[in-house]
$ cat work-v4.pdb   # PDB, C-alpha atoms and all ligand atoms
MODEL        1
ATOM      1  CA  MET A   1      89.511  79.973 110.109  1.00  0.00           C
ATOM      2  CA  LYS A   2      93.306  79.847 110.342  1.00  0.00           C
ATOM      3  CA  PRO A   3      94.866  79.435 106.874  1.00  0.00           C
ATOM      4  CA  LYS A   4      96.929  76.337 106.093  1.00  0.00           C
ATOM      5  CA  HIS A   5      99.589  78.503 104.457  1.00  0.00           C
ATOM      6  CA  HIS A   6     100.390  82.204 104.506  1.00  0.00           C
ATOM      7  CA  VAL A   7     102.303  83.328 101.436  1.00  0.00           C
ATOM      8  CA  PHE A   8     104.155  86.642 101.442  1.00  0.00           C
ATOM      9  CA  VAL A   9     105.190  88.145  98.103  1.00  0.00           C
ATOM     10  CA  CYS A  10     107.691  91.003  98.237  1.00  0.00           C
ATOM     11  CA  MET A  11     106.280  94.022  96.424  1.00  0.00           C
ATOM     12  CA  ASN A  12     109.008  96.459  97.378  1.00  0.00           C
ATOM     13  CA  GLN A  13     109.968  99.061  94.805  1.00  0.00           C
ATOM     14  CA  ARG A  14     113.134 101.164  94.742  1.00  0.00           C
ATOM     15  CA  PRO A  15     114.076 104.014  92.430  1.00  0.00           C
ATOM     16  CA  GLU A  16     115.475 102.975  89.066  1.00  0.00           C
ATOM     17  CA  GLY A  17     119.232 102.450  89.243  1.00  0.00           C
ATOM     18  CA  HIS A  18     119.263 101.698  92.974  1.00  0.00           C
ATOM     19  CA  PRO A  19     122.148  99.258  93.639  1.00  0.00           C
ATOM     20  CA  LYS A  20     119.944  96.798  95.549  1.00  0.00           C
ATOM     21  CA  GLY A  21     117.303  96.604  92.842  1.00  0.00           C
ATOM     22  CA  SER A  22     113.840  95.527  93.936  1.00  0.00           C
ATOM     23  CA  CYS A  23     111.359  92.715  93.557  1.00  0.00           C
ATOM     24  CA  LYS A  24     108.868  95.052  91.896  1.00  0.00           C
ATOM     25  CA  ALA A  25     111.418  95.836  89.171  1.00  0.00           C
ATOM     26  CA  LEU A  26     111.947  92.083  88.739  1.00  0.00           C
ATOM     27  CA  GLY A  27     108.263  91.414  88.135  1.00  0.00           C
ATOM     28  CA  SER A  28     106.707  90.746  91.543  1.00  0.00           C
ATOM     29  CA  HIS A  29     103.443  92.373  90.483  1.00  0.00           C
ATOM     30  CA  GLN A  30     102.913  89.663  87.880  1.00  0.00           C
ATOM     31  CA  VAL A  31     103.892  87.037  90.457  1.00  0.00           C
ATOM     32  CA  ILE A  32     101.327  88.125  93.049  1.00  0.00           C
ATOM     33  CA  ASP A  33      98.695  88.339  90.310  1.00  0.00           C
ATOM     34  CA  ALA A  34      99.512  84.733  89.416  1.00  0.00           C
ATOM     35  CA  PHE A  35      99.045  83.705  93.071  1.00  0.00           C
ATOM     36  CA  TYR A  36      95.666  85.456  93.219  1.00  0.00           C
ATOM     37  CA  GLY A  37      94.690  83.847  89.912  1.00  0.00           C
ATOM     38  CA  GLU A  38      95.503  80.348  91.207  1.00  0.00           C
ATOM     39  CA  LEU A  39      93.610  81.011  94.457  1.00  0.00           C
ATOM     40  CA  GLU A  40      90.552  81.975  92.458  1.00  0.00           C
ATOM     41  CA  LYS A  41      90.846  79.139  89.938  1.00  0.00           C
ATOM     42  CA  ARG A  42      91.261  76.534  92.695  1.00  0.00           C
ATOM     43  CA  GLY A  43      88.820  78.083  95.200  1.00  0.00           C
ATOM     44  CA  LEU A  44      91.433  78.209  97.970  1.00  0.00           C
ATOM     45  CA  PHE A  45      90.774  81.624  99.497  1.00  0.00           C
ATOM     46  CA  GLU A  46      89.870  79.976 102.839  1.00  0.00           C
ATOM     47  CA  SER A  47      92.979  77.837 103.205  1.00  0.00           C
ATOM     48  CA  ILE A  48      95.767  79.906 101.620  1.00  0.00           C
ATOM     49  CA  LEU A  49      96.350  83.560 102.383  1.00  0.00           C
ATOM     50  CA  VAL A  50      98.488  85.670 100.023  1.00  0.00           C
ATOM     51  CA  THR A  51      99.828  88.996 101.295  1.00  0.00           C
ATOM     52  CA  ALA A  52     101.878  91.704  99.608  1.00  0.00           C
ATOM     53  CA  ALA A  53     104.986  92.344 101.697  1.00  0.00           C
ATOM     54  CA  GLY A  54     107.812  94.845 101.909  1.00  0.00           C
ATOM     55  CA  CYS A  55     111.477  93.992 101.463  1.00  0.00           C
ATOM     56  CA  MET A  56     112.442  90.716 103.106  1.00  0.00           C
ATOM     57  CA  GLY A  57     116.179  90.878 102.406  1.00  0.00           C
ATOM     58  CA  PRO A  58     117.422  88.872  99.415  1.00  0.00           C
ATOM     59  CA  CYS A  59     116.568  91.596  96.881  1.00  0.00           C
ATOM     60  CA  MET A  60     119.008  90.449  94.202  1.00  0.00           C
ATOM     61  CA  GLN A  61     117.325  87.039  94.178  1.00  0.00           C
ATOM     62  CA  GLY A  62     113.845  88.453  93.773  1.00  0.00           C
ATOM     63  CA  PRO A  63     111.013  88.269  93.290  1.00  0.00           C
ATOM     64  CA  THR A  64     111.071  86.805  96.797  1.00  0.00           C
ATOM     65  CA  VAL A  65     108.223  84.663  98.148  1.00  0.00           C
ATOM     66  CA  VAL A  66     108.063  83.295 101.712  1.00  0.00           C
ATOM     67  CA  VAL A  67     105.652  80.585 102.863  1.00  0.00           C
ATOM     68  CA  TYR A  68     104.628  80.101 106.482  1.00  0.00           C
ATOM     69  CA  PRO A  69     104.269  78.219 108.773  1.00  0.00           C
ATOM     70  CA  GLU A  70     107.154  76.302 107.162  1.00  0.00           C
ATOM     71  CA  GLY A  71     109.419  79.324 106.725  1.00  0.00           C
ATOM     72  CA  VAL A  72     110.319  78.323 103.166  1.00  0.00           C
ATOM     73  CA  TRP A  73     111.882  81.040 101.005  1.00  0.00           C
ATOM     74  CA  TYR A  74     111.695  81.097  97.217  1.00  0.00           C
ATOM     75  CA  GLY A  75     113.731  83.317  94.914  1.00  0.00           C
ATOM     76  CA  LYS A  76     113.543  84.401  91.270  1.00  0.00           C
ATOM     77  CA  VAL A  77     109.906  83.348  91.181  1.00  0.00           C
ATOM     78  CA  LYS A  78     108.216  83.811  87.807  1.00  0.00           C
ATOM     79  CA  PRO A  79     104.476  83.832  87.141  1.00  0.00           C
ATOM     80  CA  ALA A  80     104.896  80.536  85.265  1.00  0.00           C
ATOM     81  CA  ASP A  81     106.266  78.920  88.489  1.00  0.00           C
ATOM     82  CA  VAL A  82     103.243  79.687  90.624  1.00  0.00           C
ATOM     83  CA  ALA A  83     100.976  76.788  89.556  1.00  0.00           C
ATOM     84  CA  GLU A  84     103.846  74.381  90.328  1.00  0.00           C
ATOM     85  CA  ILE A  85     104.256  75.891  93.817  1.00  0.00           C
ATOM     86  CA  PHE A  86     100.559  75.169  94.411  1.00  0.00           C
ATOM     87  CA  ASP A  87     100.763  71.631  92.993  1.00  0.00           C
ATOM     88  CA  THR A  88     103.938  70.657  94.835  1.00  0.00           C
ATOM     89  CA  HIS A  89     103.927  72.612  98.070  1.00  0.00           C
ATOM     90  CA  LEU A  90     100.666  74.373  98.942  1.00  0.00           C
ATOM     91  CA  VAL A  91      97.846  72.004  97.965  1.00  0.00           C
ATOM     92  CA  PRO A  92      98.924  68.432  98.895  1.00  0.00           C
ATOM     93  CA  ASP A  93      98.413  67.406 102.529  1.00  0.00           C
ATOM     94  CA  GLU A  94     102.047  66.312 102.644  1.00  0.00           C
ATOM     95  CA  GLY A  95     103.272  69.031 100.276  1.00  0.00           C
ATOM     96  CA  ALA A  96     107.014  69.567  99.961  1.00  0.00           C
ATOM     97  CA  PRO A  97     108.856  72.766  99.055  1.00  0.00           C
ATOM     98  CA  LEU A  98     109.729  73.212  95.387  1.00  0.00           C
ATOM     99  CA  ASP A  99     113.489  72.720  95.637  1.00  0.00           C
ATOM    100  CA  ARG A 100     114.470  74.327  92.327  1.00  0.00           C
ATOM    101  CA  LEU A 101     113.282  77.754  93.550  1.00  0.00           C
ATOM    102  CA  ARG A 102     114.219  77.450  97.195  1.00  0.00           C
ATOM    103  CA  ILE A 103     116.788  79.900  98.583  1.00  0.00           C
ATOM    104  CA  LEU A 104     116.290  79.256 102.335  1.00  0.00           C
TER
HETATM  105  S1  LIG B 201     113.104  94.122  97.444  1.00  0.00           S
HETATM  106 FE1  LIG B 201     112.207  92.148  97.615  1.00  0.00          FE
HETATM  107  S2  LIG B 201     113.436  91.134  99.075  1.00  0.00           S
HETATM  108 FE2  LIG B 201     114.219  93.159  98.989  1.00  0.00          FE
ENDMDL
END

$ encode --input "work-v4.pdb" --output "structure tokens"
Amino acid sequence: MKPKHHVFVCMNQRPEGHPKGSCKALGSHQVIDAFYGELEKRGLFESILVTAAGCMGPCMQGPTVVVYPEGVWYGKVKPADVAEIFDTHLVPDEGAPLDRLRIL
């Protein structure tokens, strides 16, 4: 079955001190774990797909999360934000992007 949403979480890592930084250094591992935890808790593995991604561009605003098919980009996502992304954007039939984290 085609998922309702496909969520990409940047997991890119660069060497320490690299001028661009990286989402991994900003905590993306904890963020993707929070997404997997919510999927399990809510039983949504069939309707929402979460995929670890490489660099998507806005590294300094990471951890970066992109949601398709809407093409909504979130920046500086923290594990504590993930349940709100589900409640506001991913779960409701007429879900809307969470504006406070939106970068594109
Ligand atoms: S390292 Fe995550 S967007 Fe570049």

$ resolve_selection --input "work-v4.pdb" --expression "the PyMOL selection byres (((chain A and resi 32) around 8) and not hetatm)" --output "list in words"
Val9, Ser28, His29, Gln30, Val31, Asp33, Ala34, Phe35, Tyr36, Val50, Ala52 and Pro79 of chain A

$ atom_distance --input "work-v4.pdb" --atom1 "CA of Val72 in chain A" --atom2 "CA of Lys2 in chain A"
18.5 Å

$ atom_distance --input "work-v4.pdb" --atom1 "CA of Lys78 in chain A" --atom2 "CA of Val65 in chain A"
10.4 Å

$ closest_atom_pairs --input "work-v4.pdb" --of "chain A" --to "ligand LIG 201 (chain B)" --cutoff "9 Å" --atoms "only C-alpha atoms and all ligand atoms" --output "CSV"
residue,atom,partner,partner_atom,distance
A:Val9,CA,B:LIG201,FE1,8.1
A:Cys10,CA,B:LIG201,FE1,4.7
A:Met11,CA,B:LIG201,FE1,6.3
A:Asn12,CA,B:LIG201,S1,4.7
A:Gln13,CA,B:LIG201,S1,6.4
A:Arg14,CA,B:LIG201,S1,7.5
A:Lys20,CA,B:LIG201,S1,7.6
A:Gly21,CA,B:LIG201,S1,6.7
A:Ser22,CA,B:LIG201,S1,3.8
A:Cys23,CA,B:LIG201,FE1,4.2
A:Lys24,CA,B:LIG201,S1,7.0
A:Ala25,CA,B:LIG201,S1,8.6
A:Leu26,CA,B:LIG201,FE1,8.9
A:Ser28,CA,B:LIG201,FE1,8.3
A:Ala53,CA,B:LIG201,FE1,8.3
A:Gly54,CA,B:LIG201,FE1,6.7
A:Cys55,CA,B:LIG201,FE2,3.8
A:Met56,CA,B:LIG201,S2,4.2
A:Gly57,CA,B:LIG201,S2,4.3
A:Pro58,CA,B:LIG201,S2,4.6
A:Cys59,CA,B:LIG201,FE2,3.5
A:Met60,CA,B:LIG201,FE2,7.3
A:Gln61,CA,B:LIG201,S2,7.5
A:Gly62,CA,B:LIG201,FE1,5.6
A:Pro63,CA,B:LIG201,FE1,5.9
A:Thr64,CA,B:LIG201,S2,5.4
A:Val65,CA,B:LIG201,S2,8.4
A:Gly75,CA,B:LIG201,S2,8.9

$ residues_around --input "work-v4.pdb" --residues "Pro69 in chain A" --least-positions-apart "5" --cutoff "12 Å" --atoms "all atoms listed in the file" --output "list in words"
Lys2, Pro3, Lys4, His5, His6, Val7, Phe8, Ile48, Leu49 and Leu90 of chain A

$ write_last_selection --input "work-v4.pdb" --atoms "C-alpha atoms" --output "PDB file, keeping the file's coordinate frame"
ATOM      1  CA  LYS A   2      93.306  79.847 110.342  1.00  0.00           C
ATOM      2  CA  PRO A   3      94.866  79.435 106.874  1.00  0.00           C
ATOM      3  CA  LYS A   4      96.929  76.337 106.093  1.00  0.00           C
ATOM      4  CA  HIS A   5      99.589  78.503 104.457  1.00  0.00           C
ATOM      5  CA  HIS A   6     100.390  82.204 104.506  1.00  0.00           C
ATOM      6  CA  VAL A   7     102.303  83.328 101.436  1.00  0.00           C
ATOM      7  CA  PHE A   8     104.155  86.642 101.442  1.00  0.00           C
ATOM      8  CA  ILE A  48      95.767  79.906 101.620  1.00  0.00           C
ATOM      9  CA  LEU A  49      96.350  83.560 102.383  1.00  0.00           C
ATOM     10  CA  LEU A  90     100.666  74.373  98.942  1.00  0.00           C
TER      11      LEU A  90
END

$ atom_distance --input "work-v4.pdb" --atom1 "CA of Leu104 in chain A" --atom2 "CA of Gly71 in chain A"
8.2 Å

$ residues_around --input "work-v4.pdb" --residues "Phe86 in chain A" --least-positions-apart "5" --cutoff "9 Å" --atoms "only C-alpha atoms" --output "compact mmCIF listing (two decimals) with C-alpha atoms, keeping the file's coordinate frame"
# COMPACT_ATOMS: atom_id res chain seq x y z
CA PHE A 35 99.04 83.70 93.07
CA GLU A 38 95.50 80.35 91.21
CA VAL A 91 97.85 72.00 97.96
CA PRO A 92 98.92 68.43 98.90
CA GLY A 95 103.27 69.03 100.28

$ residues_near_point --input "work-v4.pdb" --point "(111.3, 72.7, 97.9)" --cutoff "9 Å" --atoms "all atoms listed in the file" --output "list in words"
Val72, Trp73, Tyr74, Ile85, Thr88, His89, Ala96, Pro97, Leu98, Asp99, Arg100, Leu101 and Arg102 of chain A

$ decode --input "work-v4.pdb" --residues "range 63-100 of chain A" --atoms "N, CA and C atoms" --output "compact mmCIF listing (two decimals), in the first residue's frame"
# COMPACT_ATOMS: atom_id res chain seq x y z
N PRO A 63 18.63 19.41 12.89
CA PRO A 63 18.28 18.31 12.01
C PRO A 63 17.13 18.65 11.06
N THR A 64 17.32 18.27 9.80
CA THR A 64 16.37 18.56 8.74
C THR A 64 15.45 17.36 8.52
N VAL A 65 14.15 17.65 8.40
CA VAL A 65 13.14 16.63 8.13
C VAL A 65 12.29 17.11 6.98
N VAL A 66 12.05 16.25 5.98
CA VAL A 66 11.22 16.63 4.83
C VAL A 66 10.07 15.64 4.71
N VAL A 67 8.86 16.17 4.50
CA VAL A 67 7.66 15.34 4.41
C VAL A 67 7.07 15.44 3.02
N TYR A 68 6.90 14.28 2.39
CA TYR A 68 6.23 14.20 1.09
C TYR A 68 4.93 13.44 1.25
N PRO A 69 3.90 13.66 0.41
CA PRO A 69 3.98 14.35 -0.87
C PRO A 69 3.92 15.88 -0.79
N GLU A 70 3.76 16.46 0.39
CA GLU A 70 3.55 17.91 0.47
C GLU A 70 4.81 18.70 0.14
N GLY A 71 5.99 18.12 0.36
CA GLY A 71 7.22 18.87 0.17
C GLY A 71 7.41 19.91 1.25
N VAL A 72 7.07 19.55 2.48
CA VAL A 72 7.24 20.45 3.63
C VAL A 72 8.57 20.14 4.31
N TRP A 73 9.35 21.22 4.56
CA TRP A 73 10.66 21.07 5.17
C TRP A 73 10.64 21.63 6.58
N TYR A 74 11.16 20.83 7.52
CA TYR A 74 11.29 21.28 8.91
C TYR A 74 12.76 21.37 9.27
N GLY A 75 13.08 22.37 10.11
CA GLY A 75 14.46 22.54 10.57
C GLY A 75 14.53 22.60 12.08
N LYS A 76 15.74 22.33 12.60
CA LYS A 76 16.01 22.33 14.04
C LYS A 76 15.00 21.45 14.79
N VAL A 77 14.71 20.31 14.22
CA VAL A 77 13.74 19.41 14.84
C VAL A 77 14.39 18.71 16.04
N LYS A 78 13.67 18.72 17.15
CA LYS A 78 14.12 18.03 18.37
C LYS A 78 13.23 16.81 18.61
N PRO A 79 13.75 15.83 19.33
CA PRO A 79 12.90 14.66 19.62
C PRO A 79 11.57 15.06 20.26
N ALA A 80 11.59 16.08 21.10
CA ALA A 80 10.35 16.51 21.78
C ALA A 80 9.33 17.12 20.82
N ASP A 81 9.74 17.47 19.58
CA ASP A 81 8.82 18.05 18.59
C ASP A 81 8.06 16.98 17.81
N VAL A 82 8.55 15.77 17.84
CA VAL A 82 8.06 14.76 16.90
C VAL A 82 6.58 14.39 17.14
N ALA A 83 6.17 14.24 18.39
CA ALA A 83 4.76 13.90 18.66
C ALA A 83 3.85 15.01 18.11
N GLU A 84 4.28 16.26 18.23
CA GLU A 84 3.47 17.38 17.72
C GLU A 84 3.38 17.34 16.19
N ILE A 85 4.45 16.94 15.53
CA ILE A 85 4.40 16.81 14.06
C ILE A 85 3.37 15.74 13.68
N PHE A 86 3.31 14.65 14.43
CA PHE A 86 2.30 13.63 14.16
C PHE A 86 0.90 14.20 14.40
N ASP A 87 0.71 14.85 15.56
CA ASP A 87 -0.63 15.32 15.94
C ASP A 87 -1.15 16.40 14.99
N THR A 88 -0.26 17.26 14.53
CA THR A 88 -0.68 18.42 13.73
C THR A 88 -0.68 18.13 12.24
N HIS A 89 0.33 17.44 11.77
CA HIS A 89 0.55 17.32 10.33
C HIS A 89 0.25 15.91 9.80
N LEU A 90 0.83 14.88 10.43
CA LEU A 90 0.83 13.56 9.80
C LEU A 90 -0.44 12.74 10.02
N VAL A 91 -1.07 12.86 11.17
CA VAL A 91 -2.20 11.98 11.49
C VAL A 91 -3.55 12.50 11.01
N PRO A 92 -3.89 13.79 11.25
CA PRO A 92 -5.23 14.24 10.83
C PRO A 92 -5.43 14.15 9.32
N ASP A 93 -6.69 13.85 8.91
CA ASP A 93 -6.98 13.79 7.48
C ASP A 93 -6.66 15.11 6.78
N GLU A 94 -6.98 16.21 7.47
CA GLU A 94 -6.68 17.53 6.91
C GLU A 94 -5.51 18.15 7.66
N GLY A 95 -4.48 17.38 7.93
CA GLY A 95 -3.34 17.86 8.70
C GLY A 95 -2.63 19.03 8.03
N ALA A 96 -2.15 19.94 8.86
CA ALA A 96 -1.44 21.12 8.34
C ALA A 96 0.00 21.10 8.87
N PRO A 97 0.93 21.63 8.09
CA PRO A 97 2.32 21.68 8.55
C PRO A 97 2.44 22.44 9.88
N LEU A 98 3.41 22.03 10.66
CA LEU A 98 3.67 22.69 11.95
C LEU A 98 4.53 23.92 11.67
N ASP A 99 3.89 25.08 11.64
CA ASP A 99 4.54 26.30 11.16
C ASP A 99 5.80 26.69 11.94
N ARG A 100 5.81 26.46 13.24
CA ARG A 100 6.94 26.94 14.05
C ARG A 100 8.26 26.25 13.69
